[in-house]
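Structure first, commentary second.
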Amino acid sequence: MKKNKVNKMVTLAMLGSISYLLMLLNFPFPGFPPFLNVDFSDIPALMAALIFGPMAGILVEFLKNLLDLVMTGTMTAVPVGHIANFIAGILFVLPTYYVFKKINSKKGMTFALLAGTVTMAVVMSVLNYYVFLPAYTFFMGWDAMSAPESRKFVTTAILPFNVIKGVLITSVFMLLFIKLQTWINKQVLYKNA
């Protein structure tokens, strides 16, 4: 029992570190503002959730953002970007986890990842409009966007960016999942033993 706990903690720490390293390998996507970067750091969090449950996925998302905050800092007094990244990761990982638990197959995983993408894109659009964009303008001392400017920015940049990011993560994760599905199932069985 104690050995299982230690193995779980070590695995989650390792996945959190890998997630942080993947976060550092971010890249801008053409046509979007330069601060909207694509990375594949949600993949280890998704693996953690599939193996150990949803709280493990949340923990990996938290570790990734904490490491990034400590190592790179933030432009604002409050880590608005890190909070946004943390919430976006959770909004992607949790729906994917719960849908996959209901439809446990390759097709189910594809559907689950698309559900995670849609959830992340829609909810992050709303949160950006009401929370994150106003927070950035407040903490950075910028002039506030008008409501129509904010709506336009969210619908032409934030929403499509999150959809594209989700589709890219889905594509990469499905390639991994096809190869690792047997291993993931063994890990889940081992965890439940």
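Ligands are numbered from 1 in the order shown, chains are lettered A, B, ... in the order of the structure tokens, and residues start at 1 in each chain.
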Give me the segment 65-145 of chain A side of the contact with segment 6-21 of chain A, cut-off 9 Å, one line per residue showing its nearest atom pair and distance in Å at one decimal, counting only C-alpha atoms, sorted by chain and residue number, as CSV.
residue,atom,partner,partner_atom,distance
A:Asn65,CA,A:Tyr20,CA,7.2
A:Leu66,CA,A:Tyr20,CA,8.9
A:Leu67,CA,A:Tyr20,CA,6.7
A:Asp68,CA,A:Tyr20,CA,6.6
Would you kindly return, as an mmCIF file with N, CA and C atoms, in the first residue's frame, each protein, DNA or RNA residue with an atom no farther than 8 Å from any atom of segment 84-87 of chain A, considering only C-alpha atoms and excluding same-chain residues fewer than 2 positions away?
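Saved as out-v1.cif:
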data_model
loop_
_atom_site.group_PDB
_atom_site.id
_atom_site.type_symbol
_atom_site.label_atom_id
_atom_site.label_comp_id
_atom_site.auth_asym_id
_atom_site.auth_seq_id
_atom_site.Cartn_x
_atom_site.Cartn_y
_atom_site.Cartn_z
ATOM 1 N N GLU A 61 -1.623 19.648 -13.723
ATOM 2 C CA GLU A 61 -1.831 21.006 -14.254
ATOM 3 C C GLU A 61 -1.316 22.055 -13.265
ATOM 4 N N PHE A 62 -1.574 21.833 -11.978
ATOM 5 C CA PHE A 62 -1.113 22.767 -10.951
ATOM 6 C C PHE A 62 0.415 22.785 -10.877
ATOM 7 N N ASN A 65 2.008 24.683 -13.831
ATOM 8 C CA ASN A 65 1.892 26.136 -13.731
ATOM 9 C C ASN A 65 2.695 26.705 -12.573
ATOM 10 N N VAL A 80 -2.036 36.076 -13.765
ATOM 11 C CA VAL A 80 -3.271 35.926 -14.536
ATOM 12 C C VAL A 80 -3.102 34.849 -15.612
ATOM 13 N N GLY A 81 -1.984 34.902 -16.334
ATOM 14 C CA GLY A 81 -1.749 33.924 -17.400
ATOM 15 C C GLY A 81 -1.649 32.502 -16.881
ATOM 16 N N HIS A 82 -1.005 32.330 -15.744
ATOM 17 C CA HIS A 82 -0.876 30.989 -15.158
ATOM 18 C C HIS A 82 -2.223 30.462 -14.675
ATOM 19 N N GLY A 89 -6.447 24.078 -18.825
ATOM 20 C CA GLY A 89 -6.034 22.678 -18.754
ATOM 21 C C GLY A 89 -7.087 21.808 -18.086
ATOM 22 N N ILE A 90 -7.637 22.301 -16.989
ATOM 23 C CA ILE A 90 -8.681 21.555 -16.283
ATOM 24 C C ILE A 90 -9.920 21.412 -17.159
ATOM 25 N N LEU A 91 -10.263 22.491 -17.865
ATOM 26 C CA LEU A 91 -11.435 22.455 -18.747
ATOM 27 C C LEU A 91 -11.250 21.498 -19.921
ATOM 28 N N PHE A 132 -10.376 37.341 -17.546
ATOM 29 C CA PHE A 132 -8.945 37.430 -17.834
ATOM 30 C C PHE A 132 -8.551 38.691 -18.603
#
Shell around segment 28-43 of chain A at 9 Å using only C-alpha atoms, local window under 5 positions removed, as a list in words: Gly16, Ile18, Ser19, Tyr20, Leu21, Leu22, Met23, Ala48, Gly57, Val60, Glu61, Lys64, Gly89, Ile90, Phe92, Val93, Thr156, Ala157, Ile158, Phe161, Asn162, Ile164, Lys165, Leu168, Ile169, Thr170, Val172 and Phe173 of chain A
Could you save those same residues with N, CA and C atoms as a JSON list (two decimals), in the first residue's frame?
[["chain", "number", "residue", "atom", "x", "y", "z"],
["A", 16, "GLY", "N", 4.21, 15.98, -13.94],
["A", 16, "GLY", "CA", 4.18, 17.44, -13.77],
["A", 16, "GLY", "C", 5.41, 18.09, -14.37],
["A", 18, "ILE", "N", 7.37, 16.79, -16.79],
["A", 18, "ILE", "CA", 7.28, 16.64, -18.26],
["A", 18, "ILE", "C", 6.32, 17.68, -18.82],
["A", 19, "SER", "N", 5.21, 17.88, -18.13],
["A", 19, "SER", "CA", 4.23, 18.87, -18.56],
["A", 19, "SER", "C", 4.85, 20.26, -18.59],
["A", 20, "TYR", "N", 5.65, 20.59, -17.59],
["A", 20, "TYR", "CA", 6.33, 21.89, -17.55],
["A", 20, "TYR", "C", 7.30, 22.03, -18.72],
["A", 21, "LEU", "N", 8.07, 20.97, -18.98],
["A", 21, "LEU", "CA", 9.01, 21.02, -20.10],
["A", 21, "LEU", "C", 8.29, 21.19, -21.43],
["A", 22, "LEU", "N", 7.16, 20.51, -21.59],
["A", 22, "LEU", "CA", 6.37, 20.68, -22.81],
["A", 22, "LEU", "C", 5.80, 22.10, -22.91],
["A", 23, "MET", "N", 5.51, 22.69, -21.76],
["A", 23, "MET", "CA", 5.01, 24.06, -21.74],
["A", 23, "MET", "C", 6.07, 25.03, -22.26],
["A", 48, "ALA", "N", -2.22, 11.41, -16.55],
["A", 48, "ALA", "CA", -2.36, 11.27, -15.10],
["A", 48, "ALA", "C", -3.82, 11.04, -14.73],
["A", 57, "GLY", "N", -4.98, 14.58, -12.61],
["A", 57, "GLY", "CA", -4.85, 15.49, -13.74],
["A", 57, "GLY", "C", -4.79, 16.94, -13.30],
["A", 60, "VAL", "N", -1.31, 17.64, -11.79],
["A", 60, "VAL", "CA", -0.27, 17.82, -12.81],
["A", 60, "VAL", "C", -0.40, 19.21, -13.45],
["A", 61, "GLU", "N", -1.62, 19.65, -13.72],
["A", 61, "GLU", "CA", -1.83, 21.01, -14.25],
["A", 61, "GLU", "C", -1.32, 22.05, -13.27],
["A", 64, "LYS", "N", 2.62, 21.99, -13.15],
["A", 64, "LYS", "CA", 3.15, 22.62, -14.37],
["A", 64, "LYS", "C", 3.14, 24.13, -14.24],
["A", 89, "GLY", "N", -6.45, 24.08, -18.82],
["A", 89, "GLY", "CA", -6.03, 22.68, -18.75],
["A", 89, "GLY", "C", -7.09, 21.81, -18.09],
["A", 90, "ILE", "N", -7.64, 22.30, -16.99],
["A", 90, "ILE", "CA", -8.68, 21.55, -16.28],
["A", 90, "ILE", "C", -9.92, 21.41, -17.16],
["A", 92, "PHE", "N", -10.02, 21.19, -20.26],
["A", 92, "PHE", "CA", -9.75, 20.21, -21.31],
["A", 92, "PHE", "C", -9.69, 18.79, -20.73],
["A", 93, "VAL", "N", -8.98, 18.62, -19.64],
["A", 93, "VAL", "CA", -8.72, 17.29, -19.08],
["A", 93, "VAL", "C", -9.97, 16.66, -18.45],
["A", 156, "THR", "N", -12.65, 36.36, -32.54],
["A", 156, "THR", "CA", -11.72, 36.22, -33.67],
["A", 156, "THR", "C", -10.35, 35.69, -33.27],
["A", 157, "ALA", "N", -10.03, 35.70, -31.97],
["A", 157, "ALA", "CA", -8.72, 35.23, -31.53],
["A", 157, "ALA", "C", -8.82, 34.11, -30.49],
["A", 158, "ILE", "N", -9.43, 34.40, -29.36],
["A", 158, "ILE", "CA", -9.45, 33.44, -28.25],
["A", 158, "ILE", "C", -10.17, 32.15, -28.61],
["A", 161, "PHE", "N", -8.44, 30.16, -31.48],
["A", 161, "PHE", "CA", -7.16, 29.66, -31.00],
["A", 161, "PHE", "C", -7.35, 28.43, -30.12],
["A", 162, "ASN", "N", -8.29, 28.49, -29.17],
["A", 162, "ASN", "CA", -8.51, 27.35, -28.28],
["A", 162, "ASN", "C", -9.04, 26.13, -29.04],
["A", 164, "ILE", "N", -8.25, 25.41, -32.22],
["A", 164, "ILE", "CA", -7.08, 24.88, -32.93],
["A", 164, "ILE", "C", -6.14, 24.17, -31.97],
["A", 165, "LYS", "N", -5.90, 24.78, -30.82],
["A", 165, "LYS", "CA", -5.03, 24.15, -29.81],
["A", 165, "LYS", "C", -5.60, 22.80, -29.39],
["A", 168, "LEU", "N", -5.10, 20.23, -32.15],
["A", 168, "LEU", "CA", -3.70, 19.79, -32.22],
["A", 168, "LEU", "C", -3.37, 18.82, -31.08],
["A", 169, "ILE", "N", -3.81, 19.15, -29.86],
["A", 169, "ILE", "CA", -3.57, 18.25, -28.72],
["A", 169, "ILE", "C", -4.29, 16.93, -28.94],
["A", 170, "THR", "N", -5.52, 16.99, -29.45],
["A", 170, "THR", "CA", -6.28, 15.78, -29.74],
["A", 170, "THR", "C", -5.54, 14.89, -30.73],
["A", 172, "VAL", "N", -2.27, 14.78, -31.49],
["A", 172, "VAL", "CA", -1.06, 14.20, -30.90],
["A", 172, "VAL", "C", -1.41, 13.14, -29.86],
["A", 173, "PHE", "N", -2.40, 13.45, -29.01],
["A", 173, "PHE", "CA", -2.76, 12.49, -27.97],
["A", 173, "PHE", "C", -3.31, 11.20, -28.56]]
Which of A:Ser171, A:Phe177, A:Trp142, A:Phe153 sits closest to Thr117 of chain A [using only C-alpha atoms]: A:Ser171
One-decimal distance in Å that lies between atom CA of Trp183 of chain A and atom CA of Pro54 of chain A: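 Atom CA of Pro54 of chain A sits 18.4 Å away from atom CA of Trp183 of chain A.
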Pick from A:Lys5, A:Lys186, A:Lys152, A:Lys101, whichever lies nearest to Tyr129 of chain A using only C-alpha atoms: A:Lys152
